[in-house]
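Structure first, commentary second.
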Amino acid sequence: MKVIVYDFEVYRYDTLLGVRIDGGYFQTWNYAKMKQFYQEHRNDIWIGHNNTEYDNIILQTVLKNKNPFEVSQDIVKKLKKYYLNLKLYYYDLMQYHPGSLKVIEAALGKDICETEVPFDIDRPLTNEERFKVETYNRHDLDQTFLDLNLSKSEFNLNIDLIKEFNLPLDALNYSQARTAEAALGVRKDETLIDKPVKPILYPQMKIKNQEVIDYYLSEGFRTPNKPAFTICGLLHQMGAGGIHAGRKKCHYEWAYYFDVSGYYNLVMINYDLFSRAMSEESKERYKFMYHEQLRLKKIDPIKRAIYKTILLAVFGAQMNEHSAFYDPWVGPLVPIVGQLFLVDLLEKLEGKVELVQSNTDGIIAVPLEGVTEKELFDIVNEWQARTGFVLKMDKITDIWQRDVNNYMYRDANGKIHTVGEAVKYYECWENPLEKNSFNSKEPIIIHYCIVDYFMNGVKPEQTIVKYSKNLRMFQWICKLQKYDYLTFEKDGEVTRLQKVNRCFASRESGMIYKNKQDKHDRYSNLSDNVFVWNSDLKDLDNKKIDYIYYARRAYERIYDFMNKESIN
C-alpha cells in the first residue's frame, strides 16, 4: 500500500491532477489518465489538505464525467454541499490543523506561493500558463508532504487505531468520536432525547454549600447561565465548561497543584454516567481501556495513546448530537458532577489554603501558615477514598498568573509550563503544527518575551536580541478571512495583496487593510507600521524590522500580569 499526496487545480476549460508518489511527481491534464491513475491506486491512501471538502469531490466529479469547474465554483463560493460516494481511502491534514496550506507555508517562513494564473480565466490555458500552474501545483504537493511529516505521529496513531480495533481503512478519515463508536460498538439511540435523567446527590458527596446543591438539583446547569458561588475564598463560576476561579495578577514562590487524573473518565466510570446508548459490554470495554492505559504508561506508550484517544473522545461525544454517543440528559451530568466533587474538596481545604485558582479538574493552592503537608494529604486521602478519584499533589514553583486562563509555573523537574493565549506558544515555534501556532494573534516572540521575563529574569530586549535572526518568531500572518480583498497602503499608494500575507513591524509607514464592499478596516493586532514580505524569509534583510516595537509590546503584555505594587 502506498501513500499518495495529491492536489487538484481547476480552471474553466482545464483541470490538473498533481500527485507526489514514490519520491516523484505525476501530473496530468488528461481526464482519461486521471481515471486510470485512480483505478491503479484505488486501494492506496490519498492524502491532501482540505481534500475532504475539495479534492475528493473533484476526483469524484472527474470519474463521473461531470464538469469539475462548476463543482469547484460551488465549493469555493459555498453554493452547494457535495458528499463523497466513491471508494477512497483518504486522510485530510486539515482535520487536525485547521488552517490553509498557505498559512502553514507562512508560519514555516517559506515563500507564500499563490498561483500567477487566475482561476477565473474564461478560455483554455496557454502552454506557458499550464507550465506555471504545474510549478505551483508541485509547490503545494511539497508543502502537503512536509506537513504530513511534521504531523506524522498523528497519522501513525490513526493507523494504530485501525490495527488495534480491526477497523476498515476508511477509518483514516473518521473523527475521534466516530472511531470511538466503532471501537466500542455503539449505535445511536434516537429515543434518548425523550427519556430525561434527573440529577441525584450521591452518598459520596459531602457538600455544605446549599446554593450549589440547589443549582445542581434544579438543573440550572442545563441553561446557558453561569452562576457564581463563593467557595474557599474565591468567586467560582460553574457551567458546561467546568468550574473556574482565579486570582488576578498574582505571583507565588511555590504552591501545591492538585490535579485529578482522568477526571471525567472516572466520573463516568465511578458514577455510571455513560451515555445510555452504550451497552454493558461497551461500558466494560471502556473501563478496561481506562485501567489498561494506566498500566501501559511506561511499558507501551503507543498502545496507551490508542486507548487514551478513545477514552478522551467519549465524554465530548455524549453532548454531540451528531454522535452515536449523544445523550442530552446524561452528557451534561458528567461535567457538573465533576464540578460538585471539586467543590467538595475545596470546602475541605477552606481555612487550610489560600486558593490561587480552580480550573475544571485542578486546583492550585498555597498552604496557610502553620498548615502542614500531612494535614493536606489527610484531606486529599479522605476525599480520594470517599469519591473514588485519584488526585496528584505536586509542588510547583514560581507561579505567575494573569487570570485563571493565563498563567505559568515550573514543575518539580524545573520544566516551564504555560497556559493561555498570552503565553501558550512558548517553545513551539519550530513546528507550527505542534499547537497550531500559525493561529497566533501576535508574533510568537511576544510569548517568549513574557515567559523569559517572569521565569528566567530576562528582559524583552535580551530575548529579542537572542532570537533576532529567527524571523519566523517576529511575523504576523494576515489572512483574507471573510473580506473580499486585502490592501497594503503606504504614502497614499495602494497595493492589492494576496489571500495570505506575512508582515513585520517596520521603521517606515505602511499598513494592511481589510476590504469588503463599503468597509475599509485596518487589520487588527498589528504594530502602527508594517511591511509585507511574502517571499522566503531567508532572503529578508532583518535590518528592515523595527525590533523596538516588539520590546515595547512585550512590556505591555508583561504589565498585564503585574499588579501596581509589582510595577512600582
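Order determines the names: the first chain of the C-alpha cells is A, the second B, and so forth; residues in each chain are numbered 1 upward, and ligands are numbered 1 upward as they are shown.
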Within segment 88-264 of chain A, find each residue whose DSSP state, derived from the backbone, is helix (DSSP H, G or I), and express the selection as a PDB file with N, CA and C atoms, in the first residue's frame.
ATOM      1  N   LEU A  93      -5.195  16.351   6.250  1.00  0.00           N
ATOM      2  CA  LEU A  93      -4.349  17.012   7.244  1.00  0.00           C
ATOM      3  C   LEU A  93      -5.062  18.184   7.917  1.00  0.00           C
ATOM      4  N   MET A  94      -5.997  18.792   7.201  1.00  0.00           N
ATOM      5  CA  MET A  94      -6.688  19.965   7.742  1.00  0.00           C
ATOM      6  C   MET A  94      -7.642  19.600   8.873  1.00  0.00           C
ATOM      7  N   GLN A  95      -7.991  18.318   8.975  1.00  0.00           N
ATOM      8  CA  GLN A  95      -8.870  17.873  10.056  1.00  0.00           C
ATOM      9  C   GLN A  95      -8.224  18.131  11.413  1.00  0.00           C
ATOM     10  N   LEU A 101      -3.232  25.821   3.580  1.00  0.00           N
ATOM     11  CA  LEU A 101      -1.867  25.417   3.248  1.00  0.00           C
ATOM     12  C   LEU A 101      -0.953  26.633   3.196  1.00  0.00           C
ATOM     13  N   LYS A 102      -1.471  27.758   2.715  1.00  0.00           N
ATOM     14  CA  LYS A 102      -0.668  28.979   2.582  1.00  0.00           C
ATOM     15  C   LYS A 102      -0.311  29.555   3.953  1.00  0.00           C
ATOM     16  N   VAL A 103      -1.228  29.428   4.903  1.00  0.00           N
ATOM     17  CA  VAL A 103      -0.963  29.907   6.257  1.00  0.00           C
ATOM     18  C   VAL A 103       0.180  29.113   6.885  1.00  0.00           C
ATOM     19  N   ILE A 104       0.178  27.804   6.655  1.00  0.00           N
ATOM     20  CA  ILE A 104       1.254  26.971   7.203  1.00  0.00           C
ATOM     21  C   ILE A 104       2.572  27.282   6.506  1.00  0.00           C
ATOM     22  N   GLU A 105       2.536  27.518   5.201  1.00  0.00           N
ATOM     23  CA  GLU A 105       3.740  27.963   4.483  1.00  0.00           C
ATOM     24  C   GLU A 105       4.302  29.222   5.117  1.00  0.00           C
ATOM     25  N   ALA A 106       3.414  30.160   5.412  1.00  0.00           N
ATOM     26  CA  ALA A 106       3.845  31.417   6.020  1.00  0.00           C
ATOM     27  C   ALA A 106       4.486  31.158   7.376  1.00  0.00           C
ATOM     28  N   ALA A 107       3.848  30.324   8.181  1.00  0.00           N
ATOM     29  CA  ALA A 107       4.365  30.038   9.515  1.00  0.00           C
ATOM     30  C   ALA A 107       5.746  29.383   9.465  1.00  0.00           C
ATOM     31  N   ASN A 127       0.093  27.093 -23.097  1.00  0.00           N
ATOM     32  CA  ASN A 127       1.131  26.178 -22.625  1.00  0.00           C
ATOM     33  C   ASN A 127       1.963  26.816 -21.520  1.00  0.00           C
ATOM     34  N   GLU A 128       2.228  28.111 -21.661  1.00  0.00           N
ATOM     35  CA  GLU A 128       3.008  28.816 -20.641  1.00  0.00           C
ATOM     36  C   GLU A 128       2.243  28.868 -19.322  1.00  0.00           C
ATOM     37  N   GLU A 129       0.950  29.108 -19.404  1.00  0.00           N
ATOM     38  CA  GLU A 129       0.121  29.145 -18.191  1.00  0.00           C
ATOM     39  C   GLU A 129       0.043  27.764 -17.548  1.00  0.00           C
ATOM     40  N   ARG A 130      -0.078  26.735 -18.375  1.00  0.00           N
ATOM     41  CA  ARG A 130      -0.102  25.380 -17.826  1.00  0.00           C
ATOM     42  C   ARG A 130       1.197  25.058 -17.086  1.00  0.00           C
ATOM     43  N   PHE A 131       2.310  25.509 -17.649  1.00  0.00           N
ATOM     44  CA  PHE A 131       3.604  25.282 -17.010  1.00  0.00           C
ATOM     45  C   PHE A 131       3.653  25.961 -15.640  1.00  0.00           C
ATOM     46  N   LYS A 132       3.141  27.192 -15.563  1.00  0.00           N
ATOM     47  CA  LYS A 132       3.120  27.922 -14.296  1.00  0.00           C
ATOM     48  C   LYS A 132       2.230  27.217 -13.266  1.00  0.00           C
ATOM     49  N   VAL A 133       1.091  26.721 -13.728  1.00  0.00           N
ATOM     50  CA  VAL A 133       0.172  26.022 -12.833  1.00  0.00           C
ATOM     51  C   VAL A 133       0.805  24.725 -12.320  1.00  0.00           C
ATOM     52  N   GLU A 134       1.502  24.022 -13.182  1.00  0.00           N
ATOM     53  CA  GLU A 134       2.179  22.786 -12.778  1.00  0.00           C
ATOM     54  C   GLU A 134       3.245  23.065 -11.720  1.00  0.00           C
ATOM     55  N   THR A 135       3.981  24.162 -11.910  1.00  0.00           N
ATOM     56  CA  THR A 135       5.010  24.549 -10.943  1.00  0.00           C
ATOM     57  C   THR A 135       4.373  24.862  -9.594  1.00  0.00           C
ATOM     58  N   TYR A 136       3.288  25.622  -9.641  1.00  0.00           N
ATOM     59  CA  TYR A 136       2.555  25.975  -8.420  1.00  0.00           C
ATOM     60  C   TYR A 136       2.012  24.716  -7.743  1.00  0.00           C
ATOM     61  N   ASN A 137       1.493  23.807  -8.527  1.00  0.00           N
ATOM     62  CA  ASN A 137       0.931  22.568  -8.008  1.00  0.00           C
ATOM     63  C   ASN A 137       1.994  21.733  -7.296  1.00  0.00           C
ATOM     64  N   ARG A 138       3.186  21.640  -7.886  1.00  0.00           N
ATOM     65  CA  ARG A 138       4.270  20.893  -7.236  1.00  0.00           C
ATOM     66  C   ARG A 138       4.659  21.545  -5.910  1.00  0.00           C
ATOM     67  N   HIS A 139       4.635  22.862  -5.901  1.00  0.00           N
ATOM     68  CA  HIS A 139       4.927  23.600  -4.669  1.00  0.00           C
ATOM     69  C   HIS A 139       3.940  23.186  -3.563  1.00  0.00           C
ATOM     70  N   ASP A 140       2.655  23.114  -3.893  1.00  0.00           N
ATOM     71  CA  ASP A 140       1.638  22.718  -2.916  1.00  0.00           C
ATOM     72  C   ASP A 140       1.784  21.249  -2.515  1.00  0.00           C
ATOM     73  N   LEU A 141       2.134  20.406  -3.445  1.00  0.00           N
ATOM     74  CA  LEU A 141       2.352  18.993  -3.120  1.00  0.00           C
ATOM     75  C   LEU A 141       3.509  18.842  -2.135  1.00  0.00           C
ATOM     76  N   ASP A 142       4.581  19.589  -2.371  1.00  0.00           N
ATOM     77  CA  ASP A 142       5.737  19.536  -1.468  1.00  0.00           C
ATOM     78  C   ASP A 142       5.361  20.019  -0.078  1.00  0.00           C
ATOM     79  N   GLN A 143       4.544  21.088  -0.011  1.00  0.00           N
ATOM     80  CA  GLN A 143       4.139  21.610   1.293  1.00  0.00           C
ATOM     81  C   GLN A 143       3.250  20.616   2.028  1.00  0.00           C
ATOM     82  N   THR A 144       2.336  19.988   1.312  1.00  0.00           N
ATOM     83  CA  THR A 144       1.463  18.990   1.928  1.00  0.00           C
ATOM     84  C   THR A 144       2.287  17.808   2.437  1.00  0.00           C
ATOM     85  N   PHE A 145       3.271  17.388   1.655  1.00  0.00           N
ATOM     86  CA  PHE A 145       4.146  16.288   2.061  1.00  0.00           C
ATOM     87  C   PHE A 145       4.936  16.669   3.316  1.00  0.00           C
ATOM     88  N   LEU A 146       5.414  17.909   3.377  1.00  0.00           N
ATOM     89  CA  LEU A 146       6.137  18.384   4.554  1.00  0.00           C
ATOM     90  C   LEU A 146       5.223  18.409   5.779  1.00  0.00           C
ATOM     91  N   ASP A 147       3.988  18.891   5.587  1.00  0.00           N
ATOM     92  CA  ASP A 147       3.040  18.932   6.701  1.00  0.00           C
ATOM     93  C   ASP A 147       2.747  17.532   7.229  1.00  0.00           C
ATOM     94  N   LEU A 148       2.664  16.565   6.320  1.00  0.00           N
ATOM     95  CA  LEU A 148       2.451  15.175   6.738  1.00  0.00           C
ATOM     96  C   LEU A 148       3.600  14.713   7.617  1.00  0.00           C
ATOM     97  N   ASN A 149       4.818  15.029   7.233  1.00  0.00           N
ATOM     98  CA  ASN A 149       5.981  14.613   8.016  1.00  0.00           C
ATOM     99  C   ASN A 149       6.045  15.334   9.357  1.00  0.00           C
ATOM    100  N   LEU A 150       5.606  16.605   9.382  1.00  0.00           N
ATOM    101  CA  LEU A 150       5.623  17.356  10.630  1.00  0.00           C
ATOM    102  C   LEU A 150       4.569  16.853  11.617  1.00  0.00           C
ATOM    103  N   LYS A 152       3.482  13.466  11.535  1.00  0.00           N
ATOM    104  CA  LYS A 152       3.477  12.023  11.251  1.00  0.00           C
ATOM    105  C   LYS A 152       2.942  11.209  12.430  1.00  0.00           C
ATOM    106  N   SER A 153       3.164  11.690  13.656  1.00  0.00           N
ATOM    107  CA  SER A 153       2.706  10.934  14.824  1.00  0.00           C
ATOM    108  C   SER A 153       1.180  10.814  14.828  1.00  0.00           C
ATOM    109  N   GLU A 154       0.470  11.848  14.367  1.00  0.00           N
ATOM    110  CA  GLU A 154      -0.990  11.799  14.309  1.00  0.00           C
ATOM    111  C   GLU A 154      -1.452  10.784  13.266  1.00  0.00           C
ATOM    112  N   PHE A 155      -0.805  10.804  12.123  1.00  0.00           N
ATOM    113  CA  PHE A 155      -1.144   9.845  11.071  1.00  0.00           C
ATOM    114  C   PHE A 155      -0.889   8.419  11.553  1.00  0.00           C
ATOM    115  N   ASN A 156       0.267   8.207  12.191  1.00  0.00           N
ATOM    116  CA  ASN A 156       0.607   6.871  12.690  1.00  0.00           C
ATOM    117  C   ASN A 156      -0.374   6.405  13.756  1.00  0.00           C
ATOM    118  N   LEU A 157      -0.849   7.346  14.591  1.00  0.00           N
ATOM    119  CA  LEU A 157      -1.822   6.985  15.616  1.00  0.00           C
ATOM    120  C   LEU A 157      -3.111   6.484  14.971  1.00  0.00           C
ATOM    121  N   ASN A 158      -3.537   7.124  13.887  1.00  0.00           N
ATOM    122  CA  ASN A 158      -4.739   6.669  13.186  1.00  0.00           C
ATOM    123  C   ASN A 158      -4.560   5.274  12.607  1.00  0.00           C
ATOM    124  N   ILE A 159      -3.376   5.011  12.063  1.00  0.00           N
ATOM    125  CA  ILE A 159      -3.081   3.665  11.551  1.00  0.00           C
ATOM    126  C   ILE A 159      -3.109   2.657  12.695  1.00  0.00           C
ATOM    127  N   ASP A 160      -2.539   3.034  13.836  1.00  0.00           N
ATOM    128  CA  ASP A 160      -2.510   2.145  15.008  1.00  0.00           C
ATOM    129  C   ASP A 160      -3.921   1.862  15.523  1.00  0.00           C
ATOM    130  N   LEU A 161      -4.784   2.882  15.506  1.00  0.00           N
ATOM    131  CA  LEU A 161      -6.178   2.688  15.930  1.00  0.00           C
ATOM    132  C   LEU A 161      -6.889   1.687  15.024  1.00  0.00           C
ATOM    133  N   ILE A 162      -6.653   1.806  13.739  1.00  0.00           N
ATOM    134  CA  ILE A 162      -7.265   0.891  12.766  1.00  0.00           C
ATOM    135  C   ILE A 162      -6.812  -0.548  13.017  1.00  0.00           C
ATOM    136  N   LYS A 163      -5.534  -0.721  13.263  1.00  0.00           N
ATOM    137  CA  LYS A 163      -4.999  -2.065  13.517  1.00  0.00           C
ATOM    138  C   LYS A 163      -5.520  -2.639  14.830  1.00  0.00           C
ATOM    139  N   GLU A 164      -5.518  -1.806  15.880  1.00  0.00           N
ATOM    140  CA  GLU A 164      -5.910  -2.280  17.216  1.00  0.00           C
ATOM    141  C   GLU A 164      -7.359  -2.761  17.251  1.00  0.00           C
ATOM    142  N   LEU A 169     -10.053   0.544   6.527  1.00  0.00           N
ATOM    143  CA  LEU A 169      -9.115   1.615   6.220  1.00  0.00           C
ATOM    144  C   LEU A 169      -9.835   2.959   6.052  1.00  0.00           C
ATOM    145  N   ASP A 170     -11.140   2.900   5.797  1.00  0.00           N
ATOM    146  CA  ASP A 170     -11.942   4.125   5.733  1.00  0.00           C
ATOM    147  C   ASP A 170     -11.841   4.930   7.024  1.00  0.00           C
ATOM    148  N   ALA A 171     -11.534   4.260   8.130  1.00  0.00           N
ATOM    149  CA  ALA A 171     -11.498   4.929   9.428  1.00  0.00           C
ATOM    150  C   ALA A 171     -10.390   5.975   9.515  1.00  0.00           C
ATOM    151  N   LEU A 172      -9.509   6.009   8.524  1.00  0.00           N
ATOM    152  CA  LEU A 172      -8.488   7.064   8.486  1.00  0.00           C
ATOM    153  C   LEU A 172      -9.110   8.450   8.526  1.00  0.00           C
ATOM    154  N   ASN A 173     -10.291   8.598   7.947  1.00  0.00           N
ATOM    155  CA  ASN A 173     -10.924   9.909   7.898  1.00  0.00           C
ATOM    156  C   ASN A 173     -12.025  10.062   8.946  1.00  0.00           C
ATOM    157  N   GLN A 176     -12.448  11.414  15.870  1.00  0.00           N
ATOM    158  CA  GLN A 176     -12.108  10.569  17.021  1.00  0.00           C
ATOM    159  C   GLN A 176     -13.367   9.993  17.664  1.00  0.00           C
ATOM    160  N   ALA A 177     -14.452  10.765  17.653  1.00  0.00           N
ATOM    161  CA  ALA A 177     -15.708  10.262  18.217  1.00  0.00           C
ATOM    162  C   ALA A 177     -16.228   9.075  17.406  1.00  0.00           C
ATOM    163  N   ARG A 178     -16.141   9.186  16.094  1.00  0.00           N
ATOM    164  CA  ARG A 178     -16.626   8.090  15.245  1.00  0.00           C
ATOM    165  C   ARG A 178     -15.743   6.853  15.404  1.00  0.00           C
ATOM    166  N   THR A 179     -14.439   7.059  15.571  1.00  0.00           N
ATOM    167  CA  THR A 179     -13.543   5.938  15.831  1.00  0.00           C
ATOM    168  C   THR A 179     -13.919   5.257  17.135  1.00  0.00           C
ATOM    169  N   ALA A 180     -14.228   6.061  18.148  1.00  0.00           N
ATOM    170  CA  ALA A 180     -14.637   5.501  19.440  1.00  0.00           C
ATOM    171  C   ALA A 180     -15.938   4.718  19.307  1.00  0.00           C
ATOM    172  N   GLU A 181     -16.864   5.204  18.488  1.00  0.00           N
ATOM    173  CA  GLU A 181     -18.120   4.483  18.241  1.00  0.00           C
ATOM    174  C   GLU A 181     -17.826   3.087  17.698  1.00  0.00           C
ATOM    175  N   ALA A 182     -16.925   3.039  16.718  1.00  0.00           N
ATOM    176  CA  ALA A 182     -16.592   1.753  16.102  1.00  0.00           C
ATOM    177  C   ALA A 182     -15.844   0.852  17.083  1.00  0.00           C
ATOM    178  N   ALA A 183     -14.910   1.429  17.841  1.00  0.00           N
ATOM    179  CA  ALA A 183     -14.099   0.639  18.767  1.00  0.00           C
ATOM    180  C   ALA A 183     -14.934   0.061  19.904  1.00  0.00           C
ATOM    181  N   LEU A 184     -15.957   0.816  20.339  1.00  0.00           N
ATOM    182  CA  LEU A 184     -16.774   0.373  21.467  1.00  0.00           C
ATOM    183  C   LEU A 184     -18.099  -0.231  21.029  1.00  0.00           C
ATOM    184  N   GLU A 190     -32.026   7.205  19.108  1.00  0.00           N
ATOM    185  CA  GLU A 190     -32.769   8.453  18.933  1.00  0.00           C
ATOM    186  C   GLU A 190     -33.811   8.669  20.030  1.00  0.00           C
ATOM    187  N   THR A 191     -34.160   7.617  20.772  1.00  0.00           N
ATOM    188  CA  THR A 191     -35.215   7.739  21.782  1.00  0.00           C
ATOM    189  C   THR A 191     -34.720   8.407  23.070  1.00  0.00           C
ATOM    190  N   LEU A 192     -33.413   8.526  23.233  1.00  0.00           N
ATOM    191  CA  LEU A 192     -32.882   9.035  24.497  1.00  0.00           C
ATOM    192  C   LEU A 192     -33.304  10.466  24.784  1.00  0.00           C
ATOM    193  N   ILE A 193     -33.522  11.238  23.735  1.00  0.00           N
ATOM    194  CA  ILE A 193     -33.884  12.652  23.909  1.00  0.00           C
ATOM    195  C   ILE A 193     -35.216  12.796  24.656  1.00  0.00           C
ATOM    196  N   ASP A 194     -36.051  11.776  24.594  1.00  0.00           N
ATOM    197  CA  ASP A 194     -37.373  11.811  25.248  1.00  0.00           C
ATOM    198  C   ASP A 194     -37.373  11.059  26.582  1.00  0.00           C
ATOM    199  N   GLN A 210     -25.392  25.186  50.148  1.00  0.00           N
ATOM    200  CA  GLN A 210     -26.750  24.866  49.709  1.00  0.00           C
ATOM    201  C   GLN A 210     -27.071  25.497  48.354  1.00  0.00           C
ATOM    202  N   GLU A 211     -26.465  26.669  48.072  1.00  0.00           N
ATOM    203  CA  GLU A 211     -26.708  27.318  46.780  1.00  0.00           C
ATOM    204  C   GLU A 211     -26.228  26.435  45.632  1.00  0.00           C
ATOM    205  N   VAL A 212     -25.065  25.823  45.819  1.00  0.00           N
ATOM    206  CA  VAL A 212     -24.524  24.927  44.794  1.00  0.00           C
ATOM    207  C   VAL A 212     -25.423  23.705  44.630  1.00  0.00           C
ATOM    208  N   ILE A 213     -25.877  23.149  45.741  1.00  0.00           N
ATOM    209  CA  ILE A 213     -26.758  21.977  45.684  1.00  0.00           C
ATOM    210  C   ILE A 213     -28.062  22.315  44.963  1.00  0.00           C
ATOM    211  N   ASP A 214     -28.634  23.484  45.295  1.00  0.00           N
ATOM    212  CA  ASP A 214     -29.900  23.889  44.655  1.00  0.00           C
ATOM    213  C   ASP A 214     -29.716  24.094  43.153  1.00  0.00           C
ATOM    214  N   TYR A 215     -28.575  24.696  42.776  1.00  0.00           N
ATOM    215  CA  TYR A 215     -28.272  24.912  41.353  1.00  0.00           C
ATOM    216  C   TYR A 215     -28.224  23.580  40.615  1.00  0.00           C
ATOM    217  N   TYR A 216     -27.631  22.582  41.258  1.00  0.00           N
ATOM    218  CA  TYR A 216     -27.495  21.251  40.658  1.00  0.00           C
ATOM    219  C   TYR A 216     -28.846  20.545  40.572  1.00  0.00           C
ATOM    220  N   LEU A 217     -29.573  20.487  41.683  1.00  0.00           N
ATOM    221  CA  LEU A 217     -30.825  19.733  41.712  1.00  0.00           C
ATOM    222  C   LEU A 217     -31.924  20.395  40.881  1.00  0.00           C
ATOM    223  N   GLY A 220     -30.109  23.885  36.869  1.00  0.00           N
ATOM    224  CA  GLY A 220     -29.677  25.159  36.313  1.00  0.00           C
ATOM    225  C   GLY A 220     -28.501  25.020  35.365  1.00  0.00           C
ATOM    226  N   PHE A 221     -27.749  23.936  35.526  1.00  0.00           N
ATOM    227  CA  PHE A 221     -26.581  23.695  34.664  1.00  0.00           C
ATOM    228  C   PHE A 221     -26.980  23.371  33.226  1.00  0.00           C
ATOM    229  N   ARG A 222     -28.262  23.087  33.008  1.00  0.00           N
ATOM    230  CA  ARG A 222     -28.718  22.802  31.637  1.00  0.00           C
ATOM    231  C   ARG A 222     -29.033  24.088  30.872  1.00  0.00           C
ATOM    232  N   TYR A 263     -10.186  12.844  35.094  1.00  0.00           N
ATOM    233  CA  TYR A 263     -11.345  13.198  35.926  1.00  0.00           C
ATOM    234  C   TYR A 263     -12.670  12.758  35.315  1.00  0.00           C
ATOM    235  N   TYR A 264     -12.970  13.221  34.106  1.00  0.00           N
ATOM    236  CA  TYR A 264     -14.279  12.899  33.528  1.00  0.00           C
ATOM    237  C   TYR A 264     -14.397  11.418  33.198  1.00  0.00           C
TER     238      TYR A 264
END
Problem set entry | Polymer residues at most 12 Å from Asn381 of chain A, only C-alpha atoms, same-chain spacing of 3 or more positions, as a PyMOL selection string | chain A and resi 258+345+348+374-378+384-393
If you keep N, CA and C atoms, can you produce a file of those selected residues as a compact mmCIF listing (two decimals), in the first residue's frame?
# COMPACT_ATOMS: atom_id res chain seq x y z
N PHE A 258 -3.06 20.47 42.79
CA PHE A 258 -3.89 19.29 42.98
C PHE A 258 -4.55 18.97 41.63
N LEU A 345 -14.09 19.03 47.59
CA LEU A 345 -12.68 19.10 48.00
C LEU A 345 -12.31 20.51 48.46
N LYS A 348 -13.30 21.28 51.93
CA LYS A 348 -12.46 20.63 52.94
C LYS A 348 -11.12 21.36 53.10
N LYS A 374 1.13 17.15 55.92
CA LYS A 374 0.36 15.98 56.35
C LYS A 374 -1.12 16.30 56.45
N GLU A 375 -1.45 17.50 56.97
CA GLU A 375 -2.85 17.88 57.07
C GLU A 375 -3.51 17.89 55.69
N LEU A 376 -2.79 18.43 54.71
CA LEU A 376 -3.34 18.47 53.35
C LEU A 376 -3.47 17.07 52.77
N PHE A 377 -2.46 16.24 53.01
CA PHE A 377 -2.51 14.87 52.50
C PHE A 377 -3.68 14.10 53.14
N ASP A 378 -3.93 14.35 54.41
CA ASP A 378 -5.05 13.67 55.08
C ASP A 378 -6.38 14.05 54.43
N GLN A 384 -10.19 11.14 48.31
CA GLN A 384 -9.96 10.09 47.30
C GLN A 384 -10.67 8.80 47.69
N ALA A 385 -10.51 8.41 48.96
CA ALA A 385 -11.10 7.14 49.42
C ALA A 385 -12.62 7.19 49.33
N ARG A 386 -13.19 8.36 49.61
CA ARG A 386 -14.65 8.50 49.62
C ARG A 386 -15.23 8.58 48.21
N THR A 387 -14.54 9.26 47.30
CA THR A 387 -15.11 9.54 45.98
C THR A 387 -14.67 8.57 44.90
N GLY A 388 -13.52 7.92 45.10
CA GLY A 388 -13.01 7.01 44.07
C GLY A 388 -12.14 7.68 43.03
N PHE A 389 -11.81 8.96 43.22
CA PHE A 389 -10.95 9.66 42.28
C PHE A 389 -9.48 9.55 42.71
N VAL A 390 -8.60 9.78 41.75
CA VAL A 390 -7.16 9.76 42.01
C VAL A 390 -6.63 11.17 41.83
N LEU A 391 -5.98 11.69 42.86
CA LEU A 391 -5.54 13.08 42.83
C LEU A 391 -4.03 13.14 43.07
N LYS A 392 -3.33 13.81 42.16
CA LYS A 392 -1.89 14.04 42.31
C LYS A 392 -1.68 15.38 43.00
N MET A 393 -0.79 15.43 43.97
CA MET A 393 -0.48 16.69 44.65
C MET A 393 0.99 16.99 44.43
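Going from atom CA of Leu108 of chain A over to atom CA of Tyr426 of chain A, you cover 16.0 Å.
Shortest separation to His244 of chain A among A:Glu434, A:Asp403, A:Glu489, A:Asp44 occurs at residue A:Asp403, atoms counted being only C-alpha atoms.
Residues in contact with Asn320 of chain A at 12 Å, where only C-alpha atoms are counted and same-chain residues fewer than 6 positions away are skipped, are listed as Ala177, Arg178, Lys188, Ser275, Ala313, Val314, Tyr326, Asp327, Pro328, Trp329, Val330, Gly331 and Pro332 of chain A.
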Go ahead and save the picked residues with C-alpha atoms, as a PDB file, in the first residue's frame.
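Once written, out_15.pdb looks like this:
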ATOM      1  CA  ALA A 177     -15.708  10.262  18.217  1.00  0.00           C
ATOM      2  CA  ARG A 178     -16.626   8.090  15.245  1.00  0.00           C
ATOM      3  CA  LYS A 188     -27.194   5.904  18.107  1.00  0.00           C
ATOM      4  CA  SER A 275     -24.249   7.515  27.513  1.00  0.00           C
ATOM      5  CA  ALA A 313     -13.402  11.123  22.696  1.00  0.00           C
ATOM      6  CA  VAL A 314     -16.363   9.645  24.551  1.00  0.00           C
ATOM      7  CA  TYR A 326     -25.269  11.538  22.108  1.00  0.00           C
ATOM      8  CA  ASP A 327     -27.257  11.571  25.316  1.00  0.00           C
ATOM      9  CA  PRO A 328     -28.566  15.085  26.007  1.00  0.00           C
ATOM     10  CA  TRP A 329     -29.586  14.203  29.560  1.00  0.00           C
ATOM     11  CA  VAL A 330     -26.589  12.228  30.813  1.00  0.00           C
ATOM     12  CA  GLY A 331     -23.922  14.154  28.864  1.00  0.00           C
ATOM     13  CA  PRO A 332     -24.167  17.428  30.855  1.00  0.00           C
TER      14      PRO A 332
END
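Within segment 108-338 of chain A, the backbone-based DSSP assignment of strand (DSSP E or B) covers Ala228, Phe229, Thr230, Ile231, Leu234, Leu235, His236, Gln237, His244, Ala245, Gly246, Cys250, His251, Tyr252, Glu253, Trp254, Ala255, Tyr256, Tyr257, Phe258, Asp259 and Val260 of chain A.
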Just-selected residues, C-alpha atoms written as a short mmCIF file (atom, residue, chain, number, x, y, z; two decimals), in the first residue's frame:
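Output (selection-v6.cif):
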data_model
loop_
_atom_site.label_atom_id
_atom_site.label_comp_id
_atom_site.auth_asym_id
_atom_site.auth_seq_id
_atom_site.Cartn_x
_atom_site.Cartn_y
_atom_site.Cartn_z
CA ALA A 228 -21.06 32.41 40.60
CA PHE A 229 -20.56 30.98 44.09
CA THR A 230 -18.01 31.96 46.72
CA ILE A 231 -16.06 28.83 47.62
CA LEU A 234 -12.82 32.89 45.66
CA LEU A 235 -15.79 33.57 43.41
CA HIS A 236 -16.31 30.45 41.27
CA GLN A 237 -18.24 30.17 38.02
CA HIS A 244 -13.41 28.28 37.12
CA ALA A 245 -11.97 30.71 39.65
CA GLY A 246 -8.68 32.53 39.82
CA CYS A 250 -0.53 37.43 41.30
CA HIS A 251 2.77 35.68 41.98
CA TYR A 252 3.63 32.86 44.36
CA GLU A 253 7.04 31.41 45.12
CA TRP A 254 5.51 27.95 45.41
CA ALA A 255 2.17 26.18 45.68
CA TYR A 256 0.56 22.77 45.51
CA TYR A 257 -1.02 21.69 42.26
CA PHE A 258 -3.89 19.29 42.98
CA ASP A 259 -4.67 17.52 39.70
CA VAL A 260 -7.41 14.90 39.35
#
